[in-house]
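Shown here: upload-v2.txt, compact mmCIF, C-alpha atoms.
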# COMPACT_ATOMS: atom_id res chain seq x y z
CA MET F 2 1.52 1.49 -15.06
CA ASN F 3 -1.74 -0.16 -13.97
CA LEU F 4 -3.61 -2.85 -15.91
CA SER F 5 -6.10 -0.46 -17.53
CA GLN F 6 -3.31 1.69 -18.96
CA THR F 7 -1.36 -1.39 -20.03
CA LEU F 8 -4.38 -2.83 -21.83
CA ALA F 9 -5.11 0.48 -23.55
CA ARG F 10 -1.52 0.55 -24.83
CA LEU F 11 -1.68 -3.04 -26.08
CA LEU F 12 -4.95 -2.41 -27.90
CA ALA F 13 -3.58 0.76 -29.48
CA GLN F 14 -0.69 -1.34 -30.79
CA LEU F 15 -3.18 -3.93 -32.12
CA GLU F 16 -1.62 -6.51 -29.82
CA PRO F 17 -4.12 -9.09 -28.51
CA ALA F 18 -4.29 -9.73 -24.79
CA VAL F 19 -6.15 -12.02 -22.40
CA LEU F 20 -7.40 -10.86 -19.02
CA VAL F 21 -6.96 -13.56 -16.35
CA GLU F 22 -8.97 -13.28 -13.13
CA ILE F 23 -9.24 -15.49 -10.07
CA THR F 24 -13.00 -15.86 -9.60
CA LEU F 25 -12.86 -18.41 -6.76
CA ALA F 26 -10.17 -19.12 -4.19
CA GLU F 27 -10.71 -21.90 -1.65
CA GLY F 28 -8.30 -23.09 1.00
CA SER F 29 -4.65 -22.04 0.90
CA THR F 30 -3.98 -20.07 -2.30
CA PRO F 31 -1.25 -17.58 -3.29
CA ARG F 32 -3.75 -14.84 -4.19
CA GLU F 33 -7.34 -13.98 -3.42
CA ALA F 34 -10.45 -13.91 -5.60
CA GLY F 35 -10.38 -10.77 -7.74
CA ALA F 36 -6.63 -10.89 -8.46
CA ARG F 37 -5.96 -10.18 -12.12
CA MET F 38 -3.24 -10.23 -14.72
CA LEU F 39 -2.91 -9.48 -18.43
CA VAL F 40 -1.19 -11.77 -20.87
CA SER F 41 -0.03 -10.89 -24.38
CA ALA F 42 1.85 -13.06 -26.85
CA GLY F 43 5.19 -11.97 -25.43
CA GLN F 44 4.63 -10.47 -21.98
CA SER F 45 2.54 -10.69 -18.83
CA PHE F 46 1.49 -7.89 -16.49
CA GLY F 47 0.30 -8.11 -12.89
CA THR F 48 0.15 -11.38 -10.97
CA ILE F 49 -2.27 -14.03 -9.79
CA GLY F 50 0.29 -15.50 -7.41
CA GLY F 51 3.31 -16.61 -9.40
CA GLY F 52 4.70 -20.12 -9.58
CA GLN F 53 3.24 -22.94 -11.63
CA LEU F 54 -0.29 -21.57 -11.22
CA GLU F 55 0.68 -18.42 -13.06
CA PHE F 56 2.84 -20.23 -15.62
CA HIS F 57 -0.09 -22.48 -16.48
CA ALA F 58 -2.47 -19.52 -16.79
CA ILE F 59 -0.03 -17.75 -19.12
CA ASP F 60 0.25 -20.87 -21.30
CA VAL F 61 -3.54 -21.18 -21.54
CA ALA F 62 -3.91 -17.47 -22.33
CA ARG F 63 -1.36 -17.72 -25.15
CA GLU F 64 -3.16 -20.78 -26.52
CA MET F 65 -6.30 -18.63 -26.63
CA ILE F 66 -4.47 -15.83 -28.43
CA ALA F 67 -3.00 -18.24 -30.99
CA GLY F 68 -6.37 -19.89 -31.56
CA ASP F 69 -8.39 -16.66 -31.50
CA GLU F 70 -10.41 -18.05 -28.57
CA LEU F 71 -12.55 -15.52 -26.72
CA GLN F 72 -13.22 -17.08 -23.32
CA ARG F 73 -12.32 -20.03 -21.12
CA GLU F 74 -12.77 -21.08 -17.49
CA ILE F 75 -10.45 -23.50 -15.71
CA THR F 76 -10.33 -24.92 -12.20
CA LEU F 77 -6.95 -25.80 -10.72
CA HIS F 78 -6.11 -27.78 -7.60
CA LEU F 79 -2.84 -26.49 -6.17
CA GLY F 80 -1.27 -29.83 -5.43
CA PRO F 81 1.75 -31.86 -6.51
CA HIS F 82 0.46 -32.45 -10.06
CA LEU F 83 0.71 -28.68 -10.65
CA GLY F 84 4.05 -28.42 -8.87
CA GLN F 85 2.56 -26.45 -5.96
CA CYS F 86 1.95 -27.40 -2.35
CA CYS F 87 -0.64 -24.79 -1.30
CA GLY F 88 -3.40 -27.39 -1.25
CA GLY F 89 -6.17 -24.97 -2.20
CA ARG F 90 -8.30 -24.61 -5.29
CA VAL F 91 -8.74 -21.69 -7.68
CA LYS F 92 -11.07 -21.02 -10.56
CA LEU F 93 -9.78 -18.79 -13.33
CA ALA F 94 -11.74 -16.84 -15.93
CA LEU F 95 -9.74 -16.00 -19.04
CA THR F 96 -11.23 -13.47 -21.43
CA ARG F 97 -9.94 -11.94 -24.64
CA ALA F 98 -9.67 -8.31 -23.56
CA GLY F 99 -11.17 -5.39 -25.44
CA ALA F 100 -12.02 -1.70 -25.11
CA ALA F 101 -14.84 -2.39 -22.64
CA ASP F 102 -12.32 -4.03 -20.33
CA VAL F 103 -10.21 -0.87 -20.32
CA GLN F 104 -13.19 1.03 -18.95
CA SER F 105 -14.16 -1.62 -16.38
CA LEU F 106 -10.55 -1.92 -15.17
CA THR F 107 -10.30 1.86 -14.89
CA VAL F 108 -13.43 2.03 -12.73
CA LEU F 109 -12.19 -0.85 -10.59
CA GLU F 110 -8.73 0.66 -10.11
CA GLN F 111 -10.20 4.04 -9.19
CA ALA F 112 -12.41 2.40 -6.57
CA GLN F 113 -9.43 0.47 -5.20
CA ALA F 114 -7.41 3.68 -5.01
CA GLN F 115 -10.17 5.33 -2.96
CA ARG F 116 -10.05 2.46 -0.48
CA ARG F 117 -6.31 2.54 -0.03
CA PRO F 118 -5.18 3.05 3.58
CA ARG F 119 -4.05 6.59 4.23
CA ILE F 120 -0.70 7.54 5.73
CA ALA F 121 0.44 11.03 6.68
CA ILE F 122 4.17 11.53 7.14
CA PHE F 123 5.11 14.69 9.00
CA GLY F 124 8.68 15.69 8.26
CA ALA F 125 10.63 15.50 5.00
CA GLY F 126 13.99 14.72 6.57
CA HIS F 127 16.11 11.65 5.90
CA THR F 128 13.71 9.15 7.46
CA GLY F 129 10.62 10.84 6.02
CA LEU F 130 12.08 10.63 2.52
CA ALA F 131 13.16 7.02 3.11
CA LEU F 132 9.55 6.24 4.08
CA CYS F 133 8.31 7.89 0.89
CA ARG F 134 10.69 5.95 -1.33
CA GLN F 135 9.48 2.65 0.09
CA LEU F 136 5.79 3.57 0.37
CA ALA F 137 5.72 4.74 -3.26
CA LEU F 138 5.93 1.04 -4.19
CA LEU F 139 3.04 0.01 -1.94
CA PRO F 140 -0.76 0.41 -2.20
CA PHE F 141 -1.19 3.34 0.20
CA HIS F 142 -2.41 6.91 -0.17
CA VAL F 143 0.48 8.93 1.24
CA HIS F 144 0.83 12.60 2.18
CA LEU F 145 4.21 14.08 3.03
CA ILE F 146 3.74 17.23 5.09
CA ASP F 147 6.35 19.77 6.16
CA ASP F 148 6.35 23.42 7.21
CA ARG F 149 9.50 24.13 5.18
CA PRO F 150 9.05 25.11 1.50
CA ASP F 151 12.27 23.70 0.04
CA VAL F 152 12.38 20.04 1.12
CA PHE F 153 10.34 18.18 -1.50
CA GLY F 154 12.83 18.03 -4.35
CA THR F 155 13.55 14.30 -4.17
CA VAL F 156 10.10 12.98 -3.31
CA PRO F 157 9.11 10.08 -5.62
CA GLY F 158 6.03 10.16 -7.81
CA GLY F 159 2.74 9.09 -6.29
CA ILE F 160 3.38 10.86 -2.98
CA GLU F 161 1.27 13.96 -2.32
CA THR F 162 3.31 16.78 -0.81
CA LEU F 163 1.95 19.61 1.30
CA GLN F 164 3.86 22.62 2.58
CA LEU F 165 1.87 23.92 5.54
CA ASP F 166 2.87 26.69 7.93
CA HIS F 167 0.74 25.05 10.63
CA PRO F 168 0.76 21.26 10.07
CA VAL F 169 -1.17 20.56 13.27
CA GLN F 170 -4.27 22.09 11.72
CA TRP F 171 -4.25 19.40 9.03
CA VAL F 172 -4.86 16.70 11.65
CA ALA F 173 -8.25 18.12 12.59
CA ARG F 174 -9.64 17.63 9.08
CA ALA F 175 -7.94 14.30 8.35
CA PRO F 176 -10.25 11.31 7.81
CA ALA F 177 -10.69 8.56 10.37
CA ARG F 178 -8.41 5.50 10.23
CA GLN F 179 -5.49 7.69 9.19
CA ALA F 180 -1.97 6.58 10.08
CA TYR F 181 0.27 9.38 11.37
CA ILE F 182 4.06 9.02 11.25
CA ILE F 183 5.65 11.97 13.04
CA LEU F 184 9.33 12.80 12.54
CA THR F 185 9.72 16.53 12.05
CA HIS F 186 12.74 18.76 12.64
CA SER F 187 11.24 20.02 15.93
CA HIS F 188 10.48 18.15 19.17
CA ALA F 189 7.85 20.76 19.98
CA LEU F 190 6.11 20.20 16.65
CA ASP F 191 6.35 16.42 17.12
CA TYR F 192 4.64 16.79 20.49
CA ALA F 193 1.88 19.03 19.11
CA LEU F 194 1.16 16.68 16.20
CA ALA F 195 1.12 13.58 18.40
CA GLU F 196 -1.15 15.34 20.90
CA ALA F 197 -3.60 16.37 18.17
CA ALA F 198 -3.71 12.88 16.63
CA LEU F 199 -4.10 11.08 19.96
CA LYS F 200 -6.79 13.42 21.29
CA LYS F 201 -8.70 13.25 17.99
CA GLY F 202 -9.16 9.59 18.83
CA ASP F 203 -9.83 8.06 15.41
CA ALA F 204 -6.33 7.24 14.13
CA ALA F 205 -5.34 3.79 12.95
CA TYR F 206 -1.75 4.43 14.05
CA VAL F 207 0.12 7.27 15.73
CA GLY F 208 3.88 6.85 15.62
CA MET F 209 6.56 9.32 16.70
CA ILE F 210 10.27 8.96 16.11
CA GLY F 211 12.43 9.11 19.20
CA SER F 212 13.74 7.17 22.15
CA ALA F 213 12.36 5.80 25.39
CA THR F 214 13.44 9.07 27.01
CA LYS F 215 11.52 11.11 24.44
CA ARG F 216 8.44 8.98 25.01
CA ALA F 217 8.67 9.45 28.77
CA ARG F 218 9.01 13.20 28.43
CA PHE F 219 6.14 13.36 25.97
CA ALA F 220 3.97 11.23 28.26
CA SER F 221 4.53 13.58 31.18
CA TRP F 222 3.78 16.61 29.03
CA PHE F 223 0.74 14.99 27.39
CA LEU F 224 -0.90 13.97 30.65
CA ALA F 225 -0.25 17.40 32.14
CA SER F 226 -1.97 18.99 29.13
CA GLY F 227 -5.19 17.03 29.65
CA GLY F 228 -4.45 13.81 27.80
CA THR F 229 -5.48 10.46 29.23
CA GLU F 230 -3.62 7.22 29.78
CA ALA F 231 -6.00 5.51 27.34
CA GLN F 232 -5.11 8.02 24.64
CA LEU F 233 -1.41 7.76 25.42
CA SER F 234 -1.53 3.96 25.11
CA ARG F 235 -2.18 4.36 21.38
CA LEU F 236 1.16 6.05 20.78
CA THR F 237 3.99 4.07 19.18
CA CYS F 238 7.30 5.61 20.21
CA PRO F 239 9.97 4.77 19.28
CA ILE F 240 8.74 3.77 15.83
CA GLY F 241 10.20 0.73 14.14
CA GLY F 242 10.85 -1.26 17.30
CA LYS F 243 13.78 -1.24 19.66
CA ILE F 244 16.78 -2.00 17.47
CA ALA F 245 20.30 -0.61 17.43
CA ASP F 246 20.37 0.13 13.70
CA LYS F 247 19.23 3.73 13.26
CA ARG F 248 19.78 4.11 9.52
CA PRO F 249 16.79 5.93 7.98
CA GLU F 250 16.08 3.13 5.51
CA ILE F 251 15.96 0.53 8.30
CA ILE F 252 13.73 2.65 10.53
CA ALA F 253 11.46 3.29 7.53
CA ALA F 254 11.17 -0.40 6.64
CA LEU F 255 10.35 -1.45 10.21
CA THR F 256 7.85 1.39 10.64
CA ILE F 257 6.07 0.45 7.43
CA ALA F 258 5.84 -3.12 8.73
CA GLU F 259 4.18 -1.78 11.90
CA VAL F 260 1.68 0.24 9.88
CA ILE F 261 0.88 -2.66 7.55
CA GLY F 262 0.28 -4.84 10.60
CA VAL F 263 -2.20 -2.32 12.00
CA PHE F 264 -4.15 -1.99 8.76
CA ALA F 265 -4.11 -5.74 8.11
CA GLY F 266 -5.30 -6.46 11.65

Encoded form (structure tokens):
Amino acid sequence: MNLSQTLARLLAQLEPAVLVEITLAEGSTPREAGARMLVSAGQSFGTIGGGQLEFHAIDVAREMIAGDELQREITLHLGPHLGQCCGGRVKLALTRAGAADVQSLTVLEQAQAQRRPRIAIFGAGHTGLALCRQLALLPFHVHLIDDRPDVFGTVPGGIETLQLDHPVQWVARAPARQAYIILTHSHALDYALAEAALKKGDAAYVGMIGSATKRARFASWFLASGGTEAQLSRLTCPIGGKIADKRPEIIAALTIAEVIGVFAG
């Protein structure tokens, strides 16, 4: 549940809440400006970085609730006196939250959702589903695509599923800066998807499950079909690095780390 929905629920229950926002972050800080959390008399939702910074903000917010205070600003230096060693400085705005904040948070969260990095997973096998289970917890817009109609039964919420007879056609209309993770039931389909993504030329990441041998065979086939060395250099294969552990959950975790690194960089 996001902060707008949480606040709407609290207000419906006539439970007061304070919205805490980092409005300035200088130096080394645990979260960036714009990070928010909600505090009620008995619970907190979201995070501004944890630790003593967050504990102090929660205490101040509950003082405001008890005293019916509407607004306060505080500046905190993250040094030994606060029990933190970051060394930076943050300014917090604490506001008694109301119905208008539900609307502003909703607009903000919708805008953030539109800016989420996009990941397309081709193949709903063991590793594809392991990717979905982990990515469902992270701020990405994820499509799971397969040409089989009966493979989406255990996909977690928040993942968009598409059954397509010709998945390669989806690549042509995908937006730029898309990440493609390719691990279908067919080597031929893997090759076709990787070729389409590499030749399209605007992907953030193109990863294909496999081995060094599979990469070598794909490279030979790709270059023979008109691909270039420059395009081929953008392929990650094997995905998840060169490790001996081939359990789907491990491959998924390492692949997600690769993708996060690309988007963060």

For segment 4-8 of chain F: contacts at 7 Å, all atoms listed in the file, fewer than 6 positions along chain excluded, given as a list in words:
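Counting all atoms listed in the file, the residues come to Val103, Leu106 and Thr107 of chain F.
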
Could you take the residues named above and write them with C-alpha atoms, as a compact mmCIF listing (two decimals), in the coordinates of the input?
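Saved as again.txt:
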# COMPACT_ATOMS: atom_id res chain seq x y z
CA VAL F 103 -10.21 -0.87 -20.32
CA LEU F 106 -10.55 -1.92 -15.17
CA THR F 107 -10.30 1.86 -14.89

Taking 4 positions as the minimum chain separation for residues in the same chain, which residues sit within 12 Å of Trp222 of chain F when counting all atoms listed in the file? Answer as a list in words.
Ala189, Tyr192, Ala193, Ala195, Glu196, Lys215, Arg216, Ala217, Arg218, Ser226, Gly227, Gly228, Thr229, Glu230 and Leu233 of chain F

Which protein, DNA or RNA residues are at most 10 Å from (-8.6, 7.6, 22.1) in the file's coordinates when you count all atoms listed in the file, listed as a compact mmCIF listing (two decimals) with C-alpha atoms, in the frame of the given file?
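What ended up in result-v7.txt:
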# COMPACT_ATOMS: atom_id res chain seq x y z
CA ALA F 198 -3.71 12.88 16.63
CA LEU F 199 -4.10 11.08 19.96
CA LYS F 200 -6.79 13.42 21.29
CA LYS F 201 -8.70 13.25 17.99
CA GLY F 202 -9.16 9.59 18.83
CA ASP F 203 -9.83 8.06 15.41
CA ALA F 204 -6.33 7.24 14.13
CA GLY F 228 -4.45 13.81 27.80
CA THR F 229 -5.48 10.46 29.23
CA GLU F 230 -3.62 7.22 29.78
CA ALA F 231 -6.00 5.51 27.34
CA GLN F 232 -5.11 8.02 24.64
CA LEU F 233 -1.41 7.76 25.42
CA SER F 234 -1.53 3.96 25.11
CA ARG F 235 -2.18 4.36 21.38
CA LEU F 236 1.16 6.05 20.78

Applying 10 Å and only C-alpha atoms, which residues near segment 56-69 of chain F remain after dropping the ones on its own chain fewer than 2 positions away? List them as JSON, numbers by chain.
{"F": [16, 17, 18, 19, 20, 21, 22, 38, 39, 40, 41, 42, 43, 44, 45, 49, 50, 51, 52, 53, 54, 71, 72, 73, 75, 77, 83, 93, 94, 95, 96, 97]}

Measure the distance from atom CA of Val143 of chain F to atom CA of Ala180 of chain F in Å and round it to one decimal.
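Interatomic distance, atom CA of Val143 of chain F to atom CA of Ala180 of chain F: 9.5 Å.
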
As an exercise, work out the distance from atom CA of Pro176 of chain F to atom CA of Asp191 of chain F in Å and give it to one decimal place.
19.7 Å

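The smallest atom-to-atom distance between Gly126 of chain F and any of F:Ala100, F:Leu12, F:Val152, F:Leu165, using only C-alpha atoms, is found for F:Val152.
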
Residue nearest Ile183 of chain F - candidates F:Asp166, F:Glu161, F:Asp147, F:Glu55, atoms counted: all atoms listed in the file:
F:Asp147

Restrict the calculation to all atoms listed in the file, then for each residue of segment 126-192 of chain F with any atom at most 12 Å from an atom of segment 110-118 of chain F give the closest atom pair and their distance in Å to one decimal, rows by chain and rising residue number, as a tab-separated table.
residue	atom	partner	partner_atom	distance
F:Leu136	CA	F:Pro118	CA	11.4
F:Leu139	CA	F:Arg117	CA	9.9
F:Pro140	CA	F:Arg117	CA	6.3
F:Phe141	CA	F:Arg117	CA	5.2
F:His142	CA	F:Arg117	CA	5.9
F:Val143	CA	F:Pro118	CA	8.5
F:His144	CA	F:Pro118	CA	11.4
F:Gly159	CA	F:Ala114	CA	11.6
F:Pro176	CA	F:Pro118	CA	10.6
F:Ala177	CA	F:Pro118	CA	10.3
F:Arg178	CA	F:Pro118	CA	7.8
F:Gln179	CA	F:Pro118	CA	7.3
F:Ala180	CA	F:Pro118	CA	8.1
F:Tyr181	CA	F:Pro118	CA	11.4

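In this structure, atom CA of Ala205 of chain F sits 13.6 Å away from atom CA of Ile122 of chain F.
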
Nearest-residue call for Arg248 of chain F, choices F:Gln104, F:Thr24, F:Thr128, F:Ser29, using only C-alpha atoms
F:Thr128

Using all atoms listed in the file, which residue out of F:Ala258, F:Ala26, F:Ala9, F:Ala34 lies closest to Asp102 of chain F?
F:Ala9

Which protein, DNA or RNA residues have an atom at most 9 Å from (12.3, 12.5, 4.2), counting all atoms listed in the file? List them as JSON, numbers by chain.
{"F": [122, 123, 124, 125, 126, 127, 128, 129, 130, 131, 132, 133, 134, 145, 152, 153, 155, 156, 184, 249]}

Could you turn the residues from that selection into a file that holds C-alpha atoms, as a PDB file, keeping the file's coordinate frame?
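Generated file (out39.pdb):
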ATOM      1  CA  ILE F 122       4.170  11.530   7.140  1.00  0.00           C
ATOM      2  CA  PHE F 123       5.110  14.690   9.000  1.00  0.00           C
ATOM      3  CA  GLY F 124       8.680  15.690   8.260  1.00  0.00           C
ATOM      4  CA  ALA F 125      10.630  15.500   5.000  1.00  0.00           C
ATOM      5  CA  GLY F 126      13.990  14.720   6.570  1.00  0.00           C
ATOM      6  CA  HIS F 127      16.110  11.650   5.900  1.00  0.00           C
ATOM      7  CA  THR F 128      13.710   9.150   7.460  1.00  0.00           C
ATOM      8  CA  GLY F 129      10.620  10.840   6.020  1.00  0.00           C
ATOM      9  CA  LEU F 130      12.080  10.630   2.520  1.00  0.00           C
ATOM     10  CA  ALA F 131      13.160   7.020   3.110  1.00  0.00           C
ATOM     11  CA  LEU F 132       9.550   6.240   4.080  1.00  0.00           C
ATOM     12  CA  CYS F 133       8.310   7.890   0.890  1.00  0.00           C
ATOM     13  CA  ARG F 134      10.690   5.950  -1.330  1.00  0.00           C
ATOM     14  CA  LEU F 145       4.210  14.080   3.030  1.00  0.00           C
ATOM     15  CA  VAL F 152      12.380  20.040   1.120  1.00  0.00           C
ATOM     16  CA  PHE F 153      10.340  18.180  -1.500  1.00  0.00           C
ATOM     17  CA  THR F 155      13.550  14.300  -4.170  1.00  0.00           C
ATOM     18  CA  VAL F 156      10.100  12.980  -3.310  1.00  0.00           C
ATOM     19  CA  LEU F 184       9.330  12.800  12.540  1.00  0.00           C
ATOM     20  CA  PRO F 249      16.790   5.930   7.980  1.00  0.00           C
TER      21      PRO F 249
END

Residue with smallest distance to Val260 of chain F - pool F:Ile210, F:Ala197, F:Arg174, F:Arg119, counting only C-alpha atoms
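Ranked by minimum distance to Val260 of chain F, first place goes to F:Arg119.
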
Segment 89-97 of chain F, all listed atoms, 5 Å padding on each side: what axis-aligned box centre and edge lengths in Å to one decimal come out, as AutoDock Vina command-line options?
--center_x -9.0 --center_y -18.5 --center_z -13.4 --size_x 15.6 --size_y 23.0 --size_z 32.4
